[in-house]
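**Student:** Enclosed is the structure file query-v7.pdb (PDB, C-alpha atoms).
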```
MODEL        1
ATOM      1  CA  MET A   6       8.855  15.785 -10.445
ATOM      2  CA  PRO A   7       5.126  15.466 -10.971
ATOM      3  CA  VAL A   8       3.054  12.654  -9.547
ATOM      4  CA  VAL A   9       3.554   9.532 -11.654
ATOM      5  CA  SER A  10       1.532   6.391 -12.279
ATOM      6  CA  LEU A  11       1.669   3.265 -10.148
ATOM      7  CA  LYS A  12       2.911   1.304 -13.148
ATOM      8  CA  GLU A  13       5.890   3.621 -13.683
ATOM      9  CA  ILE A  14       6.978   3.098 -10.093
ATOM     10  CA  VAL A  15       6.442  -0.655  -9.776
ATOM     11  CA  ASP A  16       7.675  -1.608 -13.249
ATOM     12  CA  ARG A  17      11.064  -0.029 -12.590
ATOM     13  CA  ALA A  18      11.246  -1.554  -9.121
ATOM     14  CA  PHE A  19      10.318  -4.940 -10.580
ATOM     15  CA  ALA A  20      12.963  -4.688 -13.300
ATOM     16  CA  GLU A  21      15.707  -3.617 -10.893
ATOM     17  CA  ARG A  22      14.511  -5.850  -8.040
ATOM     18  CA  TYR A  23      13.955  -3.382  -5.250
ATOM     19  CA  GLY A  24      10.781  -2.859  -3.256
ATOM     20  CA  VAL A  25       8.802   0.366  -2.984
ATOM     21  CA  PRO A  26       7.149   1.231   0.351
ATOM     22  CA  ALA A  27       3.362   1.406  -0.062
ATOM     23  CA  ILE A  28       2.335   3.133   3.155
ATOM     24  CA  ASN A  29      -1.204   3.670   4.411
ATOM     25  CA  ILE A  30      -1.592   7.205   5.754
ATOM     26  CA  VAL A  31      -4.332   8.187   8.196
ATOM     27  CA  ASN A  32      -4.397  12.004   8.180
ATOM     28  CA  ASP A  33      -2.646  15.139   6.939
ATOM     29  CA  LEU A  34       0.299  14.777   9.342
ATOM     30  CA  THR A  35       1.106  11.216   8.293
ATOM     31  CA  LEU A  36       0.680  12.089   4.616
ATOM     32  CA  GLU A  37       3.148  14.969   4.851
ATOM     33  CA  ALA A  38       5.588  12.940   6.958
ATOM     34  CA  VAL A  39       5.587   9.935   4.609
ATOM     35  CA  LEU A  40       6.249  12.232   1.652
ATOM     36  CA  ALA A  41       9.023  14.002   3.589
ATOM     37  CA  GLY A  42      10.577  10.664   4.493
ATOM     38  CA  ALA A  43      10.570   9.613   0.843
ATOM     39  CA  VAL A  44      12.300  12.871  -0.109
ATOM     40  CA  ASP A  45      14.896  12.397   2.643
ATOM     41  CA  ALA A  46      15.589   8.845   1.448
ATOM     42  CA  ARG A  47      15.488   9.844  -2.240
ATOM     43  CA  SER A  48      12.992   7.018  -2.657
ATOM     44  CA  PRO A  49       9.810   6.551  -4.646
ATOM     45  CA  VAL A  50       6.771   5.962  -2.454
ATOM     46  CA  ILE A  51       3.231   4.706  -2.939
ATOM     47  CA  VAL A  52       0.859   6.582  -0.644
ATOM     48  CA  GLN A  53      -2.128   4.411   0.190
ATOM     49  CA  THR A  54      -5.547   5.360   1.536
ATOM     50  CA  SER A  55      -7.973   2.875   3.022
ATOM     51  CA  VAL A  56     -11.694   3.072   2.356
ATOM     52  CA  LYS A  57     -12.111   4.104   6.018
ATOM     53  CA  THR A  58      -9.682   7.017   5.568
ATOM     54  CA  VAL A  59     -11.384   8.157   2.370
ATOM     55  CA  LYS A  60     -14.765   8.141   4.077
ATOM     56  CA  SER A  61     -13.591   9.787   7.306
ATOM     57  CA  ILE A  62     -11.705  12.652   5.651
ATOM     58  CA  GLY A  63     -13.637  12.872   2.380
ATOM     59  CA  SER A  64     -12.198  12.278  -1.076
ATOM     60  CA  ASP A  65     -12.275  15.981  -2.028
ATOM     61  CA  VAL A  66     -10.340  17.103   1.054
ATOM     62  CA  LEU A  67      -7.962  14.139   0.901
ATOM     63  CA  PHE A  68      -7.139  14.728  -2.743
ATOM     64  CA  ALA A  69      -6.719  18.472  -2.150
ATOM     65  CA  MET A  70      -4.201  17.645   0.593
ATOM     66  CA  TRP A  71      -2.389  15.281  -1.770
ATOM     67  CA  THR A  72      -2.279  17.855  -4.569
ATOM     68  CA  ALA A  73      -0.950  20.600  -2.313
ATOM     69  CA  MET A  74       1.710  18.425  -0.653
ATOM     70  CA  THR A  75       3.038  16.914  -3.891
ATOM     71  CA  LYS A  76       3.045  20.138  -5.934
ATOM     72  CA  ASP A  77       6.820  20.585  -5.885
ATOM     73  CA  ILE A  78       7.949  17.123  -4.835
ATOM     74  CA  ASP A  79      11.077  15.810  -6.537
ATOM     75  CA  VAL A  80      10.764  12.051  -5.991
ATOM     76  CA  PRO A  81       8.317   9.694  -7.756
ATOM     77  CA  VAL A  82       5.053   9.411  -5.818
ATOM     78  CA  THR A  83       1.645   7.959  -6.569
ATOM     79  CA  LEU A  84      -1.736   7.773  -4.791
ATOM     80  CA  HIS A  85      -3.365   4.364  -4.367
ATOM     81  CA  LEU A  86      -6.742   3.253  -2.987
ATOM     82  CA  ASP A  87      -6.086   0.169  -0.880
ATOM     83  CA  HIS A  88      -8.385  -2.867  -0.386
ATOM     84  CA  CYS A  89     -11.629  -1.467  -1.726
ATOM     85  CA  PRO A  90     -14.592  -3.831  -2.200
ATOM     86  CA  GLU A  91     -16.989  -0.986  -3.004
ATOM     87  CA  ARG A  92     -17.307  -0.140  -6.679
ATOM     88  CA  ALA A  93     -18.845   3.258  -5.859
ATOM     89  CA  VAL A  94     -15.799   4.272  -3.813
ATOM     90  CA  ILE A  95     -13.496   3.113  -6.613
ATOM     91  CA  THR A  96     -15.408   5.289  -9.076
ATOM     92  CA  GLU A  97     -15.341   8.232  -6.674
ATOM     93  CA  CYS A  98     -11.578   8.029  -6.164
ATOM     94  CA  LEU A  99     -10.786   7.512  -9.847
ATOM     95  CA  ASP A 100     -12.975  10.510 -10.684
ATOM     96  CA  ARG A 101     -11.106  12.635  -8.104
ATOM     97  CA  GLY A 102      -7.691  11.681  -9.468
ATOM     98  CA  TRP A 103      -6.335   8.654  -7.597
ATOM     99  CA  ASN A 104      -3.622   7.004  -9.690
ATOM    100  CA  SER A 105      -4.548   3.401  -8.918
ATOM    101  CA  VAL A 106      -6.918   1.168  -6.973
ATOM    102  CA  LEU A 107      -6.977  -2.279  -5.435
ATOM    103  CA  PHE A 108     -10.351  -3.799  -6.192
ATOM    104  CA  ASP A 109     -10.792  -6.270  -3.354
ATOM    105  CA  ALA A 110     -13.422  -8.756  -4.512
ATOM    106  CA  SER A 111     -11.784 -11.640  -2.689
ATOM    107  CA  THR A 112     -15.057 -12.518  -0.919
ATOM    108  CA  LEU A 113     -16.693 -13.253  -4.286
ATOM    109  CA  THR A 114     -16.239 -16.335  -6.408
ATOM    110  CA  VAL A 115     -13.175 -16.198  -8.612
ATOM    111  CA  GLU A 116     -15.427 -16.023 -11.663
ATOM    112  CA  GLU A 117     -17.391 -13.021 -10.367
ATOM    113  CA  ASN A 118     -14.232 -11.375  -9.070
ATOM    114  CA  GLN A 119     -12.674 -11.754 -12.508
ATOM    115  CA  ARG A 120     -15.748 -10.398 -14.297
ATOM    116  CA  GLN A 121     -15.904  -7.292 -12.141
ATOM    117  CA  THR A 122     -12.144  -6.762 -12.173
ATOM    118  CA  VAL A 123     -12.266  -6.600 -15.979
ATOM    119  CA  GLU A 124     -14.799  -3.781 -15.584
ATOM    120  CA  VAL A 125     -12.663  -1.975 -13.005
ATOM    121  CA  VAL A 126      -9.583  -2.213 -15.230
ATOM    122  CA  ALA A 127     -11.554  -0.699 -18.123
ATOM    123  CA  GLU A 128     -12.816   2.092 -15.858
ATOM    124  CA  ALA A 129      -9.321   2.810 -14.559
ATOM    125  CA  ARG A 130      -7.888   2.933 -18.062
ATOM    126  CA  ARG A 131     -10.387   5.668 -18.981
ATOM    127  CA  HIS A 132      -8.767   7.740 -16.221
ATOM    128  CA  GLY A 133      -5.207   6.782 -17.140
ATOM    129  CA  ALA A 134      -5.029   4.810 -13.885
ATOM    130  CA  HIS A 135      -3.938   1.304 -12.912
ATOM    131  CA  VAL A 136      -5.336  -1.633 -10.967
ATOM    132  CA  GLU A 137      -4.044  -4.098  -8.417
ATOM    133  CA  GLY A 138      -5.946  -7.364  -8.223
ATOM    134  CA  GLU A 139      -6.298 -10.288  -5.857
ATOM    135  CA  ILE A 140      -8.345 -13.459  -5.664
ATOM    136  CA  GLU A 141      -7.691 -14.488  -2.065
ATOM    137  CA  ALA A 142      -8.411 -12.575   1.108
ATOM    138  CA  ILE A 143      -5.377 -11.770   3.232
ATOM    139  CA  LYS A 144      -5.715 -13.104   6.776
ATOM    140  CA  GLY A 145      -6.321 -10.394   9.382
ATOM    141  CA  VAL A 146      -8.791  -7.519   9.473
ATOM    142  CA  GLU A 147      -7.389  -4.105   8.537
ATOM    143  CA  ASP A 148      -9.661  -1.042   8.637
ATOM    144  CA  GLY A 149     -12.688  -3.318   8.665
ATOM    145  CA  ILE A 150     -11.628  -5.333   5.610
ATOM    146  CA  GLY A 151     -10.138  -8.830   5.628
ATOM    147  CA  ALA A 152     -10.675 -12.243   7.193
ATOM    148  CA  ASP A 153      -9.964 -13.658  10.640
ATOM    149  CA  THR A 154      -9.178 -17.102   9.266
ATOM    150  CA  GLU A 155      -6.574 -18.379   6.837
ATOM    151  CA  PRO A 156      -8.076 -18.000   3.328
ATOM    152  CA  ALA A 157      -8.376 -20.867   0.893
ATOM    153  CA  ARG A 158      -5.575 -20.567  -1.628
ATOM    154  CA  GLN A 159      -6.453 -20.827  -5.315
ATOM    155  CA  SER A 160      -4.398 -22.912  -7.713
ATOM    156  CA  LEU A 161      -1.497 -21.393  -9.604
ATOM    157  CA  ASP A 162      -3.353 -21.898 -12.897
ATOM    158  CA  THR A 163      -6.369 -20.014 -11.518
ATOM    159  CA  ALA A 164      -4.184 -17.104 -10.455
ATOM    160  CA  ILE A 165      -2.408 -17.003 -13.813
ATOM    161  CA  ARG A 166      -5.708 -17.053 -15.692
ATOM    162  CA  PHE A 167      -7.044 -14.206 -13.534
ATOM    163  CA  ILE A 168      -3.954 -12.071 -14.177
ATOM    164  CA  THR A 169      -3.964 -12.747 -17.905
ATOM    165  CA  GLU A 170      -7.677 -12.251 -18.530
ATOM    166  CA  THR A 171      -8.223  -9.177 -16.335
ATOM    167  CA  GLY A 172      -5.154  -7.202 -17.394
ATOM    168  CA  VAL A 173      -4.343  -6.085 -13.840
ATOM    169  CA  ASP A 174      -1.038  -4.243 -13.457
ATOM    170  CA  VAL A 175      -0.041  -5.684 -10.077
ATOM    171  CA  PHE A 176      -1.142  -8.880  -8.349
ATOM    172  CA  ALA A 177      -1.389  -9.571  -4.612
ATOM    173  CA  PRO A 178      -1.203 -13.303  -3.805
ATOM    174  CA  SER A 179      -1.803 -15.031  -0.502
ATOM    175  CA  ILE A 180       1.508 -16.576   0.559
ATOM    176  CA  GLY A 181       0.940 -17.001   4.287
ATOM    177  CA  ASN A 182       1.116 -13.251   4.908
ATOM    178  CA  ALA A 183      -1.361 -11.464   7.178
ATOM    179  CA  HIS A 184      -2.610  -8.012   8.058
ATOM    180  CA  GLY A 185      -1.973  -6.740  11.566
ATOM    181  CA  VAL A 186       0.637  -7.873  14.088
ATOM    182  CA  TYR A 187       2.222 -11.319  13.656
ATOM    183  CA  SER A 188       2.373 -13.465  16.795
ATOM    184  CA  ALA A 189       5.499 -15.145  15.378
ATOM    185  CA  THR A 190       7.688 -14.904  12.290
ATOM    186  CA  PRO A 191       5.347 -15.882   9.435
ATOM    187  CA  GLU A 192       5.909 -18.999   7.342
ATOM    188  CA  LEU A 193       5.768 -17.769   3.762
ATOM    189  CA  ASP A 194       5.375 -19.520   0.416
ATOM    190  CA  PHE A 195       8.289 -17.895  -1.410
ATOM    191  CA  GLU A 196       8.001 -20.239  -4.386
ATOM    192  CA  ARG A 197       4.495 -19.047  -5.191
ATOM    193  CA  VAL A 198       5.908 -15.599  -5.906
ATOM    194  CA  THR A 199       8.567 -17.086  -8.165
ATOM    195  CA  ASP A 200       6.015 -19.235 -10.003
ATOM    196  CA  LEU A 201       3.670 -16.273 -10.612
ATOM    197  CA  VAL A 202       6.465 -14.025 -11.845
ATOM    198  CA  GLN A 203       7.873 -16.669 -14.159
ATOM    199  CA  ALA A 204       4.432 -17.347 -15.643
ATOM    200  CA  THR A 205       3.167 -13.768 -15.999
ATOM    201  CA  ASN A 206       6.124 -11.373 -15.599
ATOM    202  CA  ILE A 207       3.891  -9.136 -13.475
ATOM    203  CA  PRO A 208       5.006  -7.141 -10.399
ATOM    204  CA  ILE A 209       3.802  -8.670  -7.142
ATOM    205  CA  ALA A 210       2.337  -6.738  -4.203
ATOM    206  CA  LEU A 211       3.338  -8.013  -0.789
ATOM    207  CA  HIS A 212       0.586  -7.407   1.764
ATOM    208  CA  GLY A 213       1.013  -7.706   5.529
ATOM    209  CA  GLY A 214       4.548  -6.366   5.459
ATOM    210  CA  SER A 215       4.488  -4.951   8.999
ATOM    211  CA  GLY A 216       6.449  -7.416  11.123
ATOM    212  CA  MET A 217       8.216  -9.466   8.456
ATOM    213  CA  THR A 218      11.965  -9.903   8.841
ATOM    214  CA  THR A 219      14.602  -8.120   6.776
ATOM    215  CA  GLN A 220      15.620 -11.481   5.340
ATOM    216  CA  GLN A 221      12.061 -12.262   4.260
ATOM    217  CA  PHE A 222      11.717  -8.870   2.612
ATOM    218  CA  GLY A 223      14.991  -9.340   0.747
ATOM    219  CA  ASP A 224      14.051 -12.799  -0.511
ATOM    220  CA  LEU A 225      10.563 -11.774  -1.673
ATOM    221  CA  ILE A 226      11.736  -8.548  -3.320
ATOM    222  CA  ALA A 227      14.416 -10.482  -5.215
ATOM    223  CA  ARG A 228      11.677 -12.776  -6.516
ATOM    224  CA  GLY A 229       9.518  -9.886  -7.799
ATOM    225  CA  CYS A 230       7.635  -8.248  -4.915
ATOM    226  CA  ALA A 231       7.979  -4.664  -6.123
ATOM    227  CA  LYS A 232       5.235  -3.134  -3.937
ATOM    228  CA  VAL A 233       5.470  -3.698  -0.186
ATOM    229  CA  ASN A 234       2.420  -2.702   1.860
ATOM    230  CA  ILE A 235       2.880  -1.181   5.307
ATOM    231  CA  SER A 236      -0.142  -0.138   7.365
ATOM    232  CA  THR A 237      -0.023  -1.530  10.895
ATOM    233  CA  ALA A 238       3.549  -0.340  11.517
ATOM    234  CA  LEU A 239       2.564   3.260  10.765
ATOM    235  CA  LYS A 240      -0.528   3.084  12.981
ATOM    236  CA  ILE A 241       1.499   1.710  15.894
ATOM    237  CA  GLU A 242       4.271   4.286  15.445
ATOM    238  CA  PHE A 243       1.761   7.126  15.135
ATOM    239  CA  MET A 244      -0.242   6.190  18.221
ATOM    240  CA  LYS A 245       2.703   5.231  20.432
ATOM    241  CA  ALA A 246       4.503   8.466  19.570
ATOM    242  CA  ASN A 247       1.390  10.443  20.475
ATOM    243  CA  LEU A 248       0.948   8.484  23.691
ATOM    244  CA  ALA A 249       4.561   8.877  24.841
ATOM    245  CA  PHE A 250       4.575  12.608  24.141
ATOM    246  CA  LEU A 251       1.257  13.191  25.898
ATOM    247  CA  LYS A 252       2.364  11.231  28.974
ATOM    248  CA  GLN A 253       5.436  13.451  29.218
ATOM    249  CA  ALA A 254       3.336  16.566  28.617
ATOM    250  CA  GLU A 255       1.078  15.523  31.475
ATOM    251  CA  ALA A 256       4.053  14.919  33.745
ATOM    252  CA  ASP A 257       5.546  18.317  32.858
ATOM    253  CA  ASP A 258       2.154  20.052  32.715
ATOM    254  CA  LYS A 259       3.168  21.549  29.363
ATOM    255  CA  TRP A 260       0.547  21.519  26.639
ATOM    256  CA  ASP A 261       1.831  22.621  23.237
ATOM    257  CA  PRO A 262       0.150  20.945  20.238
ATOM    258  CA  PRO A 263       2.736  22.090  17.634
ATOM    259  CA  SER A 264       5.460  20.366  19.657
ATOM    260  CA  LEU A 265       3.367  17.200  19.675
ATOM    261  CA  PHE A 266       2.923  17.379  15.899
ATOM    262  CA  ARG A 267       6.661  17.909  15.304
ATOM    263  CA  ASP A 268       7.557  14.967  17.519
ATOM    264  CA  VAL A 269       5.077  12.565  15.926
ATOM    265  CA  ARG A 270       6.087  13.732  12.444
ATOM    266  CA  SER A 271       9.729  12.898  13.160
ATOM    267  CA  HIS A 272       8.760   9.326  14.055
ATOM    268  CA  ILE A 273       6.829   8.830  10.789
ATOM    269  CA  VAL A 274       9.628  10.352   8.709
ATOM    270  CA  SER A 275      12.101   7.952  10.355
ATOM    271  CA  LEU A 276       9.779   5.002   9.747
ATOM    272  CA  THR A 277       9.559   5.876   6.042
ATOM    273  CA  THR A 278      13.301   6.323   5.545
ATOM    274  CA  GLY A 279      13.945   3.071   7.393
ATOM    275  CA  LEU A 280      11.540   1.174   5.141
ATOM    276  CA  ALA A 281      13.199   2.620   2.043
ATOM    277  CA  ASP A 282      16.576   1.417   3.291
ATOM    278  CA  THR A 283      15.202  -2.047   4.098
ATOM    279  CA  PHE A 284      13.452  -2.469   0.744
ATOM    280  CA  GLY A 285      16.354  -1.118  -1.332
ATOM    281  CA  SER A 286      14.410   1.848  -2.730
ATOM    282  CA  ALA A 287      16.551   4.505  -1.018
ATOM    283  CA  GLY A 288      18.464   6.486  -3.621
ATOM    284  CA  LYS A 289      16.227   5.234  -6.445
ATOM    285  CA  ALA A 290      14.520   8.588  -7.172
ATOM    286  CA  TRP A 291      14.637   9.247 -10.903
TER     287      TRP A 291
ENDMDL
END
```
What do you get writing this file as structure tokens?
**Tutor:**
Amino acid sequence: MPVVSLKEIVDRAFAERYGVPAINIVNDLTLEAVLAGAVDARSPVIVQTSVKTVKSIGSDVLFAMWTAMTKDIDVPVTLHLDHCPERAVITECLDRGWNSVLFDASTLTVEENQRQTVEVVAEARRHGAHVEGEIEAIKGVEDGIGADTEPARQSLDTAIRFITETGVDVFAPSIGNAHGVYSATPELDFERVTDLVQATNIPIALHGGSGMTTQQFGDLIARGCAKVNISTALKIEFMKANLAFLKQAEADDKWDPPSLFRDVRSHIVSLTTGLADTFGSAGKAW
């Protein structure tokens, strides 16, 4: 199955009320492992790249990796630029072939955010791509983007007007969610998701998914959260797996990089299949 659009993946998930893992990869190993996990689970997956990852690897190399690894894939996959406030990076990624972008203008006024998001949507459409929008910063800094404090929440009418007038394909509301590691089970505004879906019939993106409970995921997905972002959980799994293996290698005085790569890969594959099971996307490959 060829790479498909973000809208194809989230619209079906939204209609059937399951969630699709949207996982931020950090290098070639995590990209390959996330894709392999999706194949094992027979699940669609949204592969996400942060601005930091795009800049550290380079959009040409990153997209070449993506093209090579998805050439013969047989589950629905799509490539998404996550939380990008930089219009130049959005243009660069759309030009390279990214399937969708999140234009993060949450630090601007709603009016200026809306004006620029209209422009980004038009630019994406020229590439056959889609756009995720937001009007409120998500608490917590992730890859240098975000806010340390709880953001001011806009009114429901403001959010509805933004969705309607910009034409975004997915919307990411602030509902008490946060990037990074939660210090306690988060208190979430489930009704805001219901209100937005009832008013706009648009798929919702759930940010700050790492650390939410299975029950919270199930409730939010049933209300219309079709895209579930996972970043911190992958970073922790990736680094802890590396650390544990290297400690054992030091103890054994055995230094074999391919064994390290295989071990870390297995952890990321397991993480991906577990997320697919939790979100209900396992077995949903078309």
**Student:** For Pro178 of chain A, please output as an mmCIF file with C-alpha atoms, keeping the file's coordinate frame all residues within 8 Å (counting only C-alpha atoms; exclusion window: fewer than 5 positions along the same chain).
**Tutor:**
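What follows is the written file around37.cif:
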```cif
data_model
loop_
_atom_site.group_PDB
_atom_site.id
_atom_site.type_symbol
_atom_site.label_atom_id
_atom_site.label_comp_id
_atom_site.auth_asym_id
_atom_site.auth_seq_id
_atom_site.Cartn_x
_atom_site.Cartn_y
_atom_site.Cartn_z
ATOM 1 C CA GLU A 139 -6.298 -10.288 -5.857
ATOM 2 C CA ILE A 140 -8.345 -13.459 -5.664
ATOM 3 C CA GLU A 141 -7.691 -14.488 -2.065
ATOM 4 C CA VAL A 198 5.908 -15.599 -5.906
ATOM 5 C CA ILE A 209 3.802 -8.670 -7.142
ATOM 6 C CA ALA A 210 2.337 -6.738 -4.203
ATOM 7 C CA LEU A 211 3.338 -8.013 -0.789
#
```
**Student:** What lies within 8 Å of Asp77 of chain A using only C-alpha atoms, ignoring chain neighbours under 2 positions off, as a short mmCIF file (atom, residue, chain, number, x, y, z; two decimals) with C-alpha atoms, in the frame of the given file?
**Tutor:**
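Final file, result00.cif:
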```
data_model
loop_
_atom_site.label_atom_id
_atom_site.label_comp_id
_atom_site.auth_asym_id
_atom_site.auth_seq_id
_atom_site.Cartn_x
_atom_site.Cartn_y
_atom_site.Cartn_z
CA MET A 6 8.86 15.78 -10.44
CA PRO A 7 5.13 15.47 -10.97
CA MET A 74 1.71 18.42 -0.65
CA THR A 75 3.04 16.91 -3.89
CA ASP A 79 11.08 15.81 -6.54
#
```
**Student:** Enumerate, as an MDAnalysis selection string, the residues matched when the PyMOL selection byres ((chain A and resi 265) around 10) is run on the file above.
**Tutor:** chainID A and resid 246:251 254 260:264 266:270
**Student:** I need the output of the PyMOL selection byres ((chain A and resi 25) around 8) for this file as a count of residues only; which residues are they?
**Tutor:** 18
**Student:** Under the PyMOL selection byres ((chain A and resi 167-169) around 9), which residues of this model are included? Write them out as a ChimeraX atom specification.
**Tutor:** /A:115-116,118-119,138-140,162-166,170-176,205,207
**Student:** Write out as JSON, numbers by chain which residues come within 8 Å of Leu239 of chain A when counting only C-alpha atoms, dropping same-chain ones fewer than 6 positions away.
**Tutor:** {"A": [28, 29, 30, 273, 276]}
**Student:** Could you state the separation of atom CA of Leu34 of chain A and atom CA of Phe243 of chain A in Å, given to one decimal place?
**Tutor:** 9.7 Å
**Student:** Please, what distance in Å, to one decimal, runs between atom CA of Arg47 of chain A and atom CA of Ala227 of chain A?
**Tutor:** 20.6 Å
**Student:** Can you measure atom CA of Ile235 of chain A to atom CA of His212 of chain A for me? One decimal in Å is fine.
**Tutor:** 7.5 Å
